[in-house]
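Just upload_9.pdb here, PDB, C-alpha atoms:
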ATOM      1  CA  MET A   1      -7.697 175.242 208.478
ATOM      2  CA  GLY A   2      -6.788 173.034 211.393
ATOM      3  CA  LEU A   3      -8.712 175.245 213.828
ATOM      4  CA  LEU A   4     -11.739 175.401 211.502
ATOM      5  CA  THR A   5     -11.677 171.625 211.089
ATOM      6  CA  ASN A   6     -11.511 171.173 214.856
ATOM      7  CA  ILE A   7     -14.451 173.557 215.407
ATOM      8  CA  LYS A   8     -16.508 171.755 212.737
ATOM      9  CA  SER A   9     -15.623 168.431 214.331
ATOM     10  CA  SER A  10     -16.625 169.699 217.785
ATOM     11  CA  ILE A  11     -19.956 171.040 216.500
ATOM     12  CA  SER A  12     -20.608 167.723 214.758
ATOM     13  CA  THR A  13     -19.809 165.785 217.941
ATOM     14  CA  VAL A  14     -22.092 167.983 220.072
ATOM     15  CA  THR A  15     -24.905 167.718 217.494
ATOM     16  CA  SER A  16     -24.513 163.938 217.332
ATOM     17  CA  SER A  17     -24.615 163.728 221.114
ATOM     18  CA  LEU A  18     -27.767 165.836 221.295
ATOM     19  CA  PHE A  19     -29.661 163.640 218.859
ATOM     20  CA  ALA A  20     -28.088 160.261 219.669
ATOM     21  CA  GLY A  21     -30.672 159.488 222.339
ATOM     22  CA  SER A  22     -33.616 160.136 220.037
ATOM     23  CA  GLU A  23     -32.525 157.845 217.198
ATOM     24  CA  PRO A  24     -34.702 154.742 216.837
ATOM     25  CA  LYS A  25     -33.111 151.532 218.067
ATOM     26  CA  ARG A  26     -32.794 148.806 215.457
ATOM     27  CA  ILE A  27     -34.477 145.734 216.888
ATOM     28  CA  GLY A  28     -33.882 142.457 215.062
ATOM     29  CA  ILE A  29     -36.588 139.806 215.160
ATOM     30  CA  TYR A  30     -34.706 136.514 215.213
ATOM     31  CA  GLY A  31     -35.534 132.863 215.651
ATOM     32  CA  PRO A  32     -35.728 129.551 213.811
ATOM     33  CA  PRO A  33     -37.806 129.149 210.622
ATOM     34  CA  ASN A  34     -41.604 129.080 211.073
ATOM     35  CA  ALA A  35     -41.574 130.521 214.597
ATOM     36  CA  GLY A  36     -43.896 133.354 213.525
ATOM     37  CA  LYS A  37     -41.359 136.170 213.185
ATOM     38  CA  THR A  38     -43.022 137.842 210.209
ATOM     39  CA  THR A  39     -46.474 137.413 211.779
ATOM     40  CA  LEU A  40     -45.161 139.251 214.843
ATOM     41  CA  ALA A  41     -43.380 141.911 212.760
ATOM     42  CA  ASN A  42     -46.595 142.492 210.806
ATOM     43  CA  ARG A  43     -48.648 142.610 214.011
ATOM     44  CA  ILE A  44     -46.367 145.282 215.524
ATOM     45  CA  ALA A  45     -46.163 147.272 212.274
ATOM     46  CA  ARG A  46     -49.936 147.144 211.691
ATOM     47  CA  ASP A  47     -50.718 148.106 215.298
ATOM     48  CA  TRP A  48     -48.504 151.190 215.240
ATOM     49  CA  THR A  49     -48.122 152.225 211.585
ATOM     50  CA  GLY A  50     -51.032 150.587 209.755
ATOM     51  CA  ASP A  51     -48.699 148.836 207.268
ATOM     52  CA  ALA A  52     -47.410 145.264 207.083
ATOM     53  CA  ILE A  53     -43.760 144.272 206.614
ATOM     54  CA  GLY A  54     -43.951 141.139 204.476
ATOM     55  CA  PRO A  55     -45.936 138.053 203.480
ATOM     56  CA  GLU A  56     -46.597 135.312 206.045
ATOM     57  CA  SER A  57     -46.546 131.639 205.128
ATOM     58  CA  HIS A  58     -46.364 128.113 206.503
ATOM     59  CA  VAL A  59     -43.636 127.371 203.951
ATOM     60  CA  PRO A  60     -40.227 127.573 205.673
ATOM     61  CA  HIS A  61     -37.955 130.443 204.596
ATOM     62  CA  GLU A  62     -40.778 132.574 203.201
ATOM     63  CA  THR A  63     -38.725 135.497 204.507
ATOM     64  CA  ARG A  64     -35.471 135.322 202.579
ATOM     65  CA  ARG A  65     -34.262 138.879 202.980
ATOM     66  CA  ALA A  66     -34.068 141.014 206.110
ATOM     67  CA  ARG A  67     -36.963 143.481 205.919
ATOM     68  CA  ARG A  68     -36.974 146.735 207.790
ATOM     69  CA  LYS A  69     -39.790 148.942 209.019
ATOM     70  CA  GLU A  70     -38.485 152.273 210.223
ATOM     71  CA  ASP A  71     -39.713 154.644 212.909
ATOM     72  CA  VAL A  72     -42.293 152.431 214.555
ATOM     73  CA  GLU A  73     -43.478 154.537 217.495
ATOM     74  CA  ILE A  74     -44.850 152.507 220.370
ATOM     75  CA  LYS A  75     -46.708 154.516 223.005
ATOM     76  CA  ARG A  76     -46.640 153.204 226.565
ATOM     77  CA  ASP A  77     -47.562 154.994 229.798
ATOM     78  CA  GLY A  78     -47.522 158.456 228.262
ATOM     79  CA  ARG A  79     -44.159 158.115 226.550
ATOM     80  CA  THR A  80     -43.145 157.075 223.047
ATOM     81  CA  VAL A  81     -40.527 154.465 222.189
ATOM     82  CA  SER A  82     -39.243 154.665 218.628
ATOM     83  CA  ILE A  83     -37.776 151.525 217.019
ATOM     84  CA  ASP A  84     -36.827 150.207 213.597
ATOM     85  CA  ILE A  85     -38.027 146.624 213.205
ATOM     86  CA  VAL A  86     -35.781 144.260 211.249
ATOM     87  CA  ASP A  87     -37.609 141.045 210.340
ATOM     88  CA  THR A  88     -34.917 138.473 209.588
ATOM     89  CA  PRO A  89     -34.963 135.093 207.799
ATOM     90  CA  GLY A  90     -35.162 132.063 210.087
ATOM     91  CA  VAL A  91     -31.688 130.936 211.082
ATOM     92  CA  THR A  92     -30.586 127.391 210.348
ATOM     93  CA  THR A  93     -27.373 125.501 209.597
ATOM     94  CA  LYS A  94     -28.806 123.556 206.647
ATOM     95  CA  ILE A  95     -31.042 124.216 203.663
ATOM     96  CA  ASP A  96     -32.054 121.604 201.105
ATOM     97  CA  TYR A  97     -34.172 122.699 198.150
ATOM     98  CA  GLU A  98     -36.020 119.367 198.358
ATOM     99  CA  GLU A  99     -37.742 120.683 201.512
ATOM    100  CA  PHE A 100     -39.579 123.160 199.298
ATOM    101  CA  LEU A 101     -40.717 120.400 196.926
ATOM    102  CA  GLU A 102     -42.786 119.016 199.823
ATOM    103  CA  HIS A 103     -44.824 122.221 199.667
ATOM    104  CA  ASP A 104     -45.826 121.691 196.016
ATOM    105  CA  ILE A 105     -43.198 124.086 194.709
ATOM    106  CA  GLU A 106     -41.604 123.314 191.330
ATOM    107  CA  LYS A 107     -37.925 122.357 191.322
ATOM    108  CA  GLU A 108     -36.715 125.507 189.577
ATOM    109  CA  ASP A 109     -38.548 127.700 192.065
ATOM    110  CA  ALA A 110     -37.389 125.512 194.957
ATOM    111  CA  VAL A 111     -33.742 125.872 193.920
ATOM    112  CA  ARG A 112     -34.163 129.642 193.637
ATOM    113  CA  ARG A 113     -35.857 129.810 197.047
ATOM    114  CA  SER A 114     -33.119 127.738 198.683
ATOM    115  CA  ARG A 115     -30.419 129.934 197.148
ATOM    116  CA  GLU A 116     -32.160 133.065 198.375
ATOM    117  CA  ALA A 117     -32.697 131.472 201.784
ATOM    118  CA  THR A 118     -28.968 130.745 202.197
ATOM    119  CA  GLU A 119     -28.172 134.351 201.338
ATOM    120  CA  GLY A 120     -30.861 135.510 203.749
ATOM    121  CA  VAL A 121     -29.508 133.481 206.672
ATOM    122  CA  ALA A 122     -25.995 134.788 206.020
ATOM    123  CA  GLU A 123     -27.402 138.321 205.916
ATOM    124  CA  ALA A 124     -29.263 137.755 209.197
ATOM    125  CA  MET A 125     -26.042 136.635 210.889
ATOM    126  CA  HIS A 126     -24.262 139.701 209.575
ATOM    127  CA  TRP A 127     -27.010 141.996 210.906
ATOM    128  CA  LEU A 128     -26.718 140.311 214.278
ATOM    129  CA  ARG A 129     -22.975 140.909 214.510
ATOM    130  CA  GLU A 130     -22.972 144.433 213.131
ATOM    131  CA  ASP A 131     -26.263 146.239 212.852
ATOM    132  CA  VAL A 132     -28.858 145.620 215.560
ATOM    133  CA  ASP A 133     -29.222 147.280 218.970
ATOM    134  CA  GLY A 134     -31.496 144.660 220.498
ATOM    135  CA  VAL A 135     -33.164 141.353 219.725
ATOM    136  CA  ILE A 136     -36.665 139.947 219.979
ATOM    137  CA  TYR A 137     -36.157 136.183 219.873
ATOM    138  CA  VAL A 138     -39.284 134.377 218.713
ATOM    139  CA  LEU A 139     -39.861 130.713 219.465
ATOM    140  CA  ASP A 140     -42.711 128.427 218.509
ATOM    141  CA  ALA A 141     -44.066 127.316 221.893
ATOM    142  CA  THR A 142     -45.349 124.045 220.392
ATOM    143  CA  THR A 143     -41.839 122.851 219.477
ATOM    144  CA  ASP A 144     -38.780 121.800 221.458
ATOM    145  CA  PRO A 145     -36.666 124.895 222.225
ATOM    146  CA  PHE A 146     -33.587 122.829 223.147
ATOM    147  CA  THR A 147     -32.101 122.994 219.665
ATOM    148  CA  GLN A 148     -28.530 123.762 218.757
ATOM    149  CA  VAL A 149     -29.531 126.723 216.576
ATOM    150  CA  ASN A 150     -31.424 128.315 219.485
ATOM    151  CA  THR A 151     -28.562 127.666 221.894
ATOM    152  CA  MET A 152     -25.993 129.090 219.471
ATOM    153  CA  LEU A 153     -28.053 132.159 218.594
ATOM    154  CA  ILE A 154     -28.819 133.034 222.212
ATOM    155  CA  GLY A 155     -25.095 132.575 222.927
ATOM    156  CA  ILE A 156     -24.176 134.881 220.028
ATOM    157  CA  ILE A 157     -26.693 137.507 221.205
ATOM    158  CA  GLU A 158     -25.368 137.315 224.771
ATOM    159  CA  SER A 159     -21.771 137.610 223.574
ATOM    160  CA  GLN A 160     -22.731 140.859 221.788
ATOM    161  CA  ASP A 161     -24.243 142.203 225.055
ATOM    162  CA  LEU A 162     -27.497 142.909 223.230
ATOM    163  CA  PRO A 163     -30.730 143.209 225.215
ATOM    164  CA  VAL A 164     -32.924 140.225 224.310
ATOM    165  CA  LEU A 165     -36.605 139.570 224.867
ATOM    166  CA  ILE A 166     -37.727 135.978 224.346
ATOM    167  CA  LEU A 167     -41.263 135.505 223.060
ATOM    168  CA  ALA A 168     -43.067 132.171 223.316
ATOM    169  CA  ASN A 169     -45.331 132.402 220.279
ATOM    170  CA  LYS A 170     -48.334 130.371 219.124
ATOM    171  CA  THR A 171     -49.970 130.126 222.552
ATOM    172  CA  ASP A 172     -53.295 129.830 220.725
ATOM    173  CA  LEU A 173     -52.318 126.257 219.839
ATOM    174  CA  GLU A 174     -53.289 123.477 222.206
ATOM    175  CA  ASP A 175     -49.866 121.887 222.633
ATOM    176  CA  ALA A 176     -48.033 125.160 223.339
ATOM    177  CA  SER A 177     -45.790 125.061 226.422
ATOM    178  CA  VAL A 178     -44.431 128.380 227.676
ATOM    179  CA  LYS A 179     -42.821 126.620 230.633
ATOM    180  CA  ARG A 180     -40.657 124.540 228.309
ATOM    181  CA  ILE A 181     -39.221 127.733 226.819
ATOM    182  CA  ARG A 182     -38.759 129.374 230.232
ATOM    183  CA  ASP A 183     -36.901 126.266 231.387
ATOM    184  CA  ALA A 184     -34.686 126.300 228.292
ATOM    185  CA  PHE A 185     -33.535 129.896 228.785
ATOM    186  CA  PRO A 186     -33.979 130.699 232.498
ATOM    187  CA  GLN A 187     -31.465 133.548 232.283
ATOM    188  CA  HIS A 188     -33.926 135.568 230.173
ATOM    189  CA  GLU A 189     -37.492 136.739 230.622
ATOM    190  CA  THR A 190     -39.997 134.861 228.446
ATOM    191  CA  ILE A 191     -43.276 136.480 227.395
ATOM    192  CA  PRO A 192     -46.112 134.333 226.003
ATOM    193  CA  LEU A 193     -48.140 135.538 223.039
ATOM    194  CA  SER A 194     -50.056 134.627 219.951
ATOM    195  CA  ALA A 195     -48.897 136.975 217.223
ATOM    196  CA  LEU A 196     -51.549 135.502 214.935
ATOM    197  CA  GLU A 197     -54.455 136.165 217.299
ATOM    198  CA  GLY A 198     -52.946 139.245 218.938
ATOM    199  CA  ASP A 199     -53.111 137.659 222.406
ATOM    200  CA  ASN A 200     -51.026 139.310 225.159
ATOM    201  CA  MET A 201     -49.652 141.998 222.857
ATOM    202  CA  ASP A 202     -50.085 144.631 225.589
ATOM    203  CA  GLU A 203     -47.485 142.873 227.716
ATOM    204  CA  VAL A 204     -45.243 142.459 224.661
ATOM    205  CA  TYR A 205     -45.367 146.227 224.015
ATOM    206  CA  ASP A 206     -44.738 146.970 227.705
ATOM    207  CA  LYS A 207     -41.630 144.794 227.562
ATOM    208  CA  ILE A 208     -40.432 146.259 224.243
ATOM    209  CA  ALA A 209     -40.649 149.719 225.830
ATOM    210  CA  GLU A 210     -38.867 148.482 228.953
ATOM    211  CA  TYR A 211     -36.078 146.627 227.119
ATOM    212  CA  PHE A 212     -35.492 148.869 224.121
ATOM    213  CA  GLY A 213     -36.845 152.286 225.128
TER     214      GLY A 213
ATOM    215  CA  MET B   1      -6.406 118.953 207.849
ATOM    216  CA  PRO B   2      -7.926 115.594 208.804
ATOM    217  CA  GLU B   3      -5.905 113.590 211.274
ATOM    218  CA  SER B   4      -6.610 110.134 209.914
ATOM    219  CA  GLN B   5      -6.783 108.279 206.618
ATOM    220  CA  ARG B   6     -10.067 108.051 204.761
ATOM    221  CA  SER B   7     -11.657 104.676 204.339
ATOM    222  CA  ASP B   8     -13.909 103.923 201.354
ATOM    223  CA  ASP B   9     -16.340 101.850 203.381
ATOM    224  CA  GLY B  10     -16.271 103.616 206.718
ATOM    225  CA  VAL B  11     -16.846 106.920 208.388
ATOM    226  CA  GLN B  12     -13.890 109.159 209.079
ATOM    227  CA  ILE B  13     -13.994 111.008 212.385
ATOM    228  CA  ASP B  14     -11.604 113.898 212.961
ATOM    229  CA  MET B  15     -11.079 114.651 216.647
ATOM    230  CA  ILE B  16      -9.421 118.046 216.975
ATOM    231  CA  SER B  17      -7.800 119.135 220.208
ATOM    232  CA  ALA B  18      -8.298 122.515 221.873
ATOM    233  CA  GLU B  19      -4.577 123.131 221.511
ATOM    234  CA  ARG B  20      -4.734 122.645 217.734
ATOM    235  CA  MET B  21      -7.669 125.043 217.401
ATOM    236  CA  ASP B  22      -6.164 127.647 219.729
ATOM    237  CA  GLY B  23      -3.325 128.150 217.286
ATOM    238  CA  LEU B  24      -5.655 129.021 214.407
ATOM    239  CA  ARG B  25      -7.448 132.200 213.369
ATOM    240  CA  THR B  26     -11.231 132.213 212.924
ATOM    241  CA  MET B  27     -11.295 131.550 209.188
ATOM    242  CA  GLU B  28      -8.622 128.873 209.510
ATOM    243  CA  LYS B  29     -10.798 127.072 212.052
ATOM    244  CA  ILE B  30     -13.854 127.357 209.834
ATOM    245  CA  ARG B  31     -11.958 126.071 206.795
ATOM    246  CA  LEU B  32     -10.518 123.177 208.804
ATOM    247  CA  ILE B  33     -14.041 122.175 209.845
ATOM    248  CA  LEU B  34     -15.846 122.746 206.555
ATOM    249  CA  ASP B  35     -13.163 121.164 204.359
ATOM    250  CA  SER B  36     -13.450 118.016 206.424
ATOM    251  CA  VAL B  37     -17.270 118.101 206.457
ATOM    252  CA  HIS B  38     -17.322 118.601 202.659
ATOM    253  CA  GLU B  39     -15.465 115.289 202.397
ATOM    254  CA  GLY B  40     -18.260 113.612 204.340
ATOM    255  CA  ASN B  41     -16.344 113.405 207.599
ATOM    256  CA  ILE B  42     -17.519 113.950 211.158
ATOM    257  CA  VAL B  43     -15.558 116.546 213.123
ATOM    258  CA  ILE B  44     -15.344 116.501 216.909
ATOM    259  CA  LEU B  45     -13.919 119.591 218.582
ATOM    260  CA  GLU B  46     -12.616 119.255 222.095
ATOM    261  CA  LYS B  47     -13.286 122.887 222.954
ATOM    262  CA  GLY B  48     -15.755 124.096 220.339
ATOM    263  CA  LEU B  49     -15.999 127.568 218.884
ATOM    264  CA  ASP B  50     -16.745 130.896 220.539
ATOM    265  CA  PRO B  51     -20.058 132.628 219.677
ATOM    266  CA  ASP B  52     -18.519 134.937 217.085
ATOM    267  CA  GLU B  53     -16.862 131.973 215.373
ATOM    268  CA  GLU B  54     -20.150 130.048 215.428
ATOM    269  CA  SER B  55     -21.854 133.010 213.789
ATOM    270  CA  LYS B  56     -19.253 133.088 211.034
ATOM    271  CA  LEU B  57     -19.415 129.295 210.646
ATOM    272  CA  ILE B  58     -23.150 129.602 209.909
ATOM    273  CA  GLU B  59     -22.508 132.453 207.481
ATOM    274  CA  VAL B  60     -19.770 130.609 205.561
ATOM    275  CA  THR B  61     -21.771 127.382 205.581
ATOM    276  CA  MET B  62     -24.693 129.186 203.957
ATOM    277  CA  SER B  63     -22.426 130.556 201.237
ATOM    278  CA  GLU B  64     -21.260 127.018 200.343
ATOM    279  CA  ILE B  65     -24.652 125.311 200.075
ATOM    280  CA  SER B  66     -25.501 124.269 196.525
ATOM    281  CA  PRO B  67     -28.425 122.430 194.884
ATOM    282  CA  ASP B  68     -27.789 118.671 194.594
ATOM    283  CA  GLY B  69     -24.531 119.173 196.513
ATOM    284  CA  PHE B  70     -23.642 120.399 199.974
ATOM    285  CA  THR B  71     -26.794 121.003 202.037
ATOM    286  CA  GLY B  72     -25.151 122.417 205.147
ATOM    287  CA  ILE B  73     -24.070 121.114 208.516
ATOM    288  CA  GLU B  74     -25.514 119.443 211.546
ATOM    289  CA  ILE B  75     -23.898 120.706 214.735
ATOM    290  CA  GLU B  76     -24.396 119.776 218.380
ATOM    291  CA  THR B  77     -22.555 120.864 221.493
ATOM    292  CA  ILE B  78     -22.513 119.947 225.140
ATOM    293  CA  PRO B  79     -20.854 122.207 227.690
ATOM    294  CA  THR B  80     -17.757 121.005 229.467
ATOM    295  CA  GLY B  81     -16.358 122.419 232.691
ATOM    296  CA  GLU B  82     -12.787 122.590 233.852
ATOM    297  CA  GLU B  83     -12.481 118.861 233.441
ATOM    298  CA  THR B  84     -13.145 117.774 229.873
ATOM    299  CA  GLY B  85     -13.853 114.189 230.887
ATOM    300  CA  LEU B  86     -13.136 111.190 228.712
ATOM    301  CA  PHE B  87     -12.221 113.161 225.609
ATOM    302  CA  GLY B  88      -9.851 115.339 227.608
ATOM    303  CA  LYS B  89      -8.268 112.276 229.133
ATOM    304  CA  LEU B  90      -7.852 110.766 225.671
ATOM    305  CA  MET B  91      -6.124 113.965 224.623
ATOM    306  CA  GLY B  92      -4.072 113.880 227.806
ATOM    307  CA  LYS B  93      -5.315 117.176 229.211
ATOM    308  CA  SER B  94      -8.333 119.130 230.351
ATOM    309  CA  SER B  95      -9.768 122.465 229.346
ATOM    310  CA  LYS B  96     -12.925 124.568 229.505
ATOM    311  CA  GLY B  97     -15.256 124.695 226.517
ATOM    312  CA  LYS B  98     -18.003 122.810 224.785
ATOM    313  CA  LEU B  99     -17.584 119.452 223.166
ATOM    314  CA  THR B 100     -18.824 119.917 219.616
ATOM    315  CA  VAL B 101     -19.834 117.460 216.918
ATOM    316  CA  ILE B 102     -20.179 118.738 213.349
ATOM    317  CA  GLY B 103     -21.059 116.753 210.255
ATOM    318  CA  PRO B 104     -22.678 117.023 206.835
ATOM    319  CA  ALA B 105     -26.419 117.676 207.226
ATOM    320  CA  ASN B 106     -27.266 114.883 204.806
ATOM    321  CA  ARG B 107     -25.251 112.286 206.744
ATOM    322  CA  ILE B 108     -25.579 113.036 210.422
ATOM    323  CA  GLU B 109     -28.815 112.969 212.384
ATOM    324  CA  THR B 110     -29.168 113.805 216.052
ATOM    325  CA  LEU B 111     -31.141 111.119 217.842
ATOM    326  CA  HIS B 112     -30.861 112.475 221.372
ATOM    327  CA  LYS B 113     -29.183 115.323 223.137
ATOM    328  CA  ASP B 114     -29.066 116.395 226.749
ATOM    329  CA  GLU B 115     -26.522 118.086 229.014
ATOM    330  CA  ASN B 116     -24.298 115.029 229.137
ATOM    331  CA  LEU B 117     -24.940 113.075 225.966
ATOM    332  CA  ILE B 118     -25.110 113.575 222.216
ATOM    333  CA  SER B 119     -26.406 110.534 220.370
ATOM    334  CA  THR B 120     -26.139 110.676 216.583
ATOM    335  CA  LEU B 121     -26.900 108.417 213.649
ATOM    336  CA  ILE B 122     -24.526 108.558 210.701
ATOM    337  CA  HIS B 123     -26.081 107.618 207.383
ATOM    338  CA  ASP B 124     -24.185 105.954 204.526
ATOM    339  CA  GLN B 125     -23.159 108.312 201.744
TER     340      GLN B 125
END
Do you think you could lay out the structure here as C-alpha cells?
Amino acid sequence: MGLLTNIKSSISTVTSSLFAGSEPKRIGIYGPPNAGKTTLANRIARDWTGDAIGPESHVPHETRRARRKEDVEIKRDGRTVSIDIVDTPGVTTKIDYEEFLEHDIEKEDAVRRSREATEGVAEAMHWLREDVDGVIYVLDATTDPFTQVNTMLIGIIESQDLPVLILANKTDLEDASVKRIRDAFPQHETIPLSALEGDNMDEVYDKIAEYFG
Amino acid sequence: MPESQRSDDGVQIDMISAERMDGLRTMEKIRLILDSVHEGNIVILEKGLDPDEESKLIEVTMSEISPDGFTGIEIETIPTGEETGLFGKLMGKSSKGKLTVIGPANRIETLHKDENLISTLIHDQ
C-alpha cells in the first residue's frame, strides 16, 4: 500500500508540475472606491470574452462582492496569456450608510448596501492575502493618490511579493494627472488609460501580458 | 488597554510604545487599537503595524461597523527612520517604523498630511 501510495503521489506531483505553468493566473483588480475598477474589468472581459463582469455606477461600493471572470485569454505578439480577473470592492477603512442616502437611496437599502460593502471589503482583503497571483491597482487620475488606503494597500501588495501594475484611470477627464500618480508610487510602473473610453488599452494589454504572462 | 484616564469633556489620546506592541500578537494589537477607538479615543502608535497587520486591521474593522454605531477608522501614518524623533525621545528610545494615528472615522478628520506632518481635527462626540 505504501509503495502504491508513493507511486500515486509521484504521478500526481509530475502531472501537477506539467500543468502548473498553463493554469490561469488570478489577477485581482484593486483600488479605492470609484476608481473605475469594474469599468476596467468589464472592458477587459468584453474585449476578450464578449461578456461583462458586473454593473458600473457612480455610487460608491456598487461592487460589494468580489466577482470573478475565468479564463480570459489575452493575445499579444502571437502568444496567449490566460488570466482569471477578480474585480474586488473598493477598499476603505470606513463605511457610513448615510453616504448612500446622498445618492437618493432609501435608508433600508442604504443600510443593506453598507453592510454588504463592509463584508465585501473584508473579502477583498482576504483575497489579497490568500488568493491572488498579481494585482492591477486602479487609481482615479483626477484625485489625490497620496491617501493612507493607497499607501497601505500598495505596502500590503509589496509585502506579499505580488507583481503589481498601477493604472492611472480616467485620463479622458480634463483634470486627470498621470504625473501625480507616478510621483506617488515611483517604485512601480504607471500606465495611463481611460477604461470608459477604451483609450490606451493596447498598452494596458501589453503590460498585463508582460507582468502576468 | 488605554494608558490614561478618560475625561468626560476631553479627548483621550493613547500613545503606545513600540516595546508594548512588540510583545503582542497580531489580534492582540488589533483589539488594543479597536477597543480604544470604540471608546472614542485617539491611538498613536510609535512604530505602527506591519502590512499584514494593517490588512487584518481593515478586515476586523469592517466586521465591526454597524448602522448608527461604529462607522470605521481613520488612519494616517508617516514613516520614521532609525531615529523616531520627538515621540521617540518622549518614550526615551528610538526605533524604526511608521508613526501611526488611528481614531474613530466619525471623530477624526485629516486636514493635512505630508512626509513629516499629520494634521488632524478631532470633532466633539
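Proximity to Glu53 in chain B was assessed for B:Ile65, B:Ile118, B:Glu39, B:Arg25 counting only C-alpha atoms; the smallest distance is recorded for B:Arg25.
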How close does chain B get to chain A? List, as JSON lines, each residue of chain B within 12 Å, its nearest atom pair and the distance in Å to one decimal, counting all atoms listed in the file.
{"residue": "B:Gly48", "atom": "CA", "partner": "A:Met152", "partner_atom": "CA", "distance": 11.4}
{"residue": "B:Leu49", "atom": "CA", "partner": "A:Met152", "partner_atom": "CA", "distance": 10.1}
{"residue": "B:Asp50", "atom": "CA", "partner": "A:Ile156", "partner_atom": "CA", "distance": 8.4}
{"residue": "B:Pro51", "atom": "CA", "partner": "A:Ile156", "partner_atom": "CA", "distance": 4.7}
{"residue": "B:Asp52", "atom": "CA", "partner": "A:Ile156", "partner_atom": "CA", "distance": 6.4}
{"residue": "B:Glu53", "atom": "CA", "partner": "A:Ile156", "partner_atom": "CA", "distance": 9.1}
{"residue": "B:Glu54", "atom": "CA", "partner": "A:Met152", "partner_atom": "CA", "distance": 7.2}
{"residue": "B:Ser55", "atom": "CA", "partner": "A:Met125", "partner_atom": "CA", "distance": 6.3}
{"residue": "B:Lys56", "atom": "CA", "partner": "A:Met125", "partner_atom": "CA", "distance": 7.7}
{"residue": "B:Leu57", "atom": "CA", "partner": "A:Thr93", "partner_atom": "CA", "distance": 8.9}
{"residue": "B:Ile58", "atom": "CA", "partner": "A:Thr93", "partner_atom": "CA", "distance": 5.9}
{"residue": "B:Glu59", "atom": "CA", "partner": "A:Ala122", "partner_atom": "CA", "distance": 4.4}
{"residue": "B:Val60", "atom": "CA", "partner": "A:Ala122", "partner_atom": "CA", "distance": 7.5}
{"residue": "B:Thr61", "atom": "CA", "partner": "A:Thr93", "partner_atom": "CA", "distance": 7.1}
{"residue": "B:Met62", "atom": "CA", "partner": "A:Thr118", "partner_atom": "CA", "distance": 4.9}
{"residue": "B:Ser63", "atom": "CA", "partner": "A:Thr118", "partner_atom": "CA", "distance": 6.6}
{"residue": "B:Glu64", "atom": "CA", "partner": "A:Thr118", "partner_atom": "CA", "distance": 8.8}
{"residue": "B:Ile65", "atom": "CA", "partner": "A:Thr118", "partner_atom": "CA", "distance": 7.3}
{"residue": "B:Ser66", "atom": "CA", "partner": "A:Arg115", "partner_atom": "CA", "distance": 7.5}
{"residue": "B:Pro67", "atom": "CA", "partner": "A:Val111", "partner_atom": "CA", "distance": 6.4}
{"residue": "B:Asp68", "atom": "CA", "partner": "A:Asp96", "partner_atom": "CA", "distance": 8.3}
{"residue": "B:Gly69", "atom": "CA", "partner": "A:Asp96", "partner_atom": "CA", "distance": 9.1}
{"residue": "B:Phe70", "atom": "CA", "partner": "A:Asp96", "partner_atom": "CA", "distance": 8.6}
{"residue": "B:Thr71", "atom": "CA", "partner": "A:Asp96", "partner_atom": "CA", "distance": 5.4}
{"residue": "B:Gly72", "atom": "CA", "partner": "A:Lys94", "partner_atom": "CA", "distance": 4.1}
{"residue": "B:Ile73", "atom": "CA", "partner": "A:Thr93", "partner_atom": "CA", "distance": 5.6}
{"residue": "B:Glu74", "atom": "CA", "partner": "A:Thr93", "partner_atom": "CA", "distance": 6.6}
{"residue": "B:Ile75", "atom": "CA", "partner": "A:Gln148", "partner_atom": "CA", "distance": 6.9}
{"residue": "B:Glu76", "atom": "CA", "partner": "A:Gln148", "partner_atom": "CA", "distance": 5.8}
{"residue": "B:Thr77", "atom": "CA", "partner": "A:Gln148", "partner_atom": "CA", "distance": 7.2}
{"residue": "B:Ile78", "atom": "CA", "partner": "A:Gln148", "partner_atom": "CA", "distance": 9.6}
{"residue": "B:Pro79", "atom": "CA", "partner": "A:Thr151", "partner_atom": "CA", "distance": 11.1}
{"residue": "B:Lys98", "atom": "CA", "partner": "A:Met152", "partner_atom": "CA", "distance": 11.5}
{"residue": "B:Thr100", "atom": "CA", "partner": "A:Gln148", "partner_atom": "CA", "distance": 10.5}
{"residue": "B:Val101", "atom": "CA", "partner": "A:Gln148", "partner_atom": "CA", "distance": 10.9}
{"residue": "B:Ile102", "atom": "CA", "partner": "A:Thr93", "partner_atom": "CA", "distance": 10.6}
{"residue": "B:Gly103", "atom": "CA", "partner": "A:Thr93", "partner_atom": "CA", "distance": 10.8}
{"residue": "B:Pro104", "atom": "CA", "partner": "A:Lys94", "partner_atom": "CA", "distance": 9.0}
{"residue": "B:Ala105", "atom": "CA", "partner": "A:Lys94", "partner_atom": "CA", "distance": 6.4}
{"residue": "B:Asn106", "atom": "CA", "partner": "A:Lys94", "partner_atom": "CA", "distance": 9.0}
{"residue": "B:Arg107", "atom": "CA", "partner": "A:Lys94", "partner_atom": "CA", "distance": 11.8}
{"residue": "B:Ile108", "atom": "CA", "partner": "A:Lys94", "partner_atom": "CA", "distance": 11.6}
{"residue": "B:Thr110", "atom": "CA", "partner": "A:Thr147", "partner_atom": "CA", "distance": 10.3}
{"residue": "B:His112", "atom": "CA", "partner": "A:Thr147", "partner_atom": "CA", "distance": 10.7}
{"residue": "B:Lys113", "atom": "CA", "partner": "A:Phe146", "partner_atom": "CA", "distance": 8.7}
{"residue": "B:Asp114", "atom": "CA", "partner": "A:Phe146", "partner_atom": "CA", "distance": 8.6}
{"residue": "B:Glu115", "atom": "CA", "partner": "A:Phe146", "partner_atom": "CA", "distance": 10.3}
{"residue": "B:Ile118", "atom": "CA", "partner": "A:Gln148", "partner_atom": "CA", "distance": 11.3}
Å distance separating CA of Asp133 in chain A from CA of Ile44 in chain A, one decimal place: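 Between these atoms lies a distance of 17.6 Å.
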Padding of 8 Å on every side, edges along x, y and z, all listed atoms of range 124-130 of chain A included: what centre and edge lengths in Å, to one decimal, does that box have, as lines of an AutoDock Vina configuration file?
center_x = -26.1
center_y = 140.5
center_z = 211.9
size_x = 22.3
size_y = 23.8
size_z = 21.3
Can you tell me how far CA of Ala66 in chain A sits from CA of Val178 in chain A, in Å to one decimal?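 Pair CA of Ala66 in chain A / CA of Val178 in chain A returns 27.1 Å.
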For the structure shown, which residues end up in the PyMOL selection byres ((chain A and resi 202) around 12)? Put them as a list in words, please? Arg43, Ile44, Asp47, Ile74, Lys75, Arg76, Asp77, Ile191, Pro192, Leu193, Ser194, Ala195, Gly198, Asp199, Asn200, Met201, Glu203, Val204, Tyr205, Asp206, Lys207, Ile208 and Ala209 of chain A
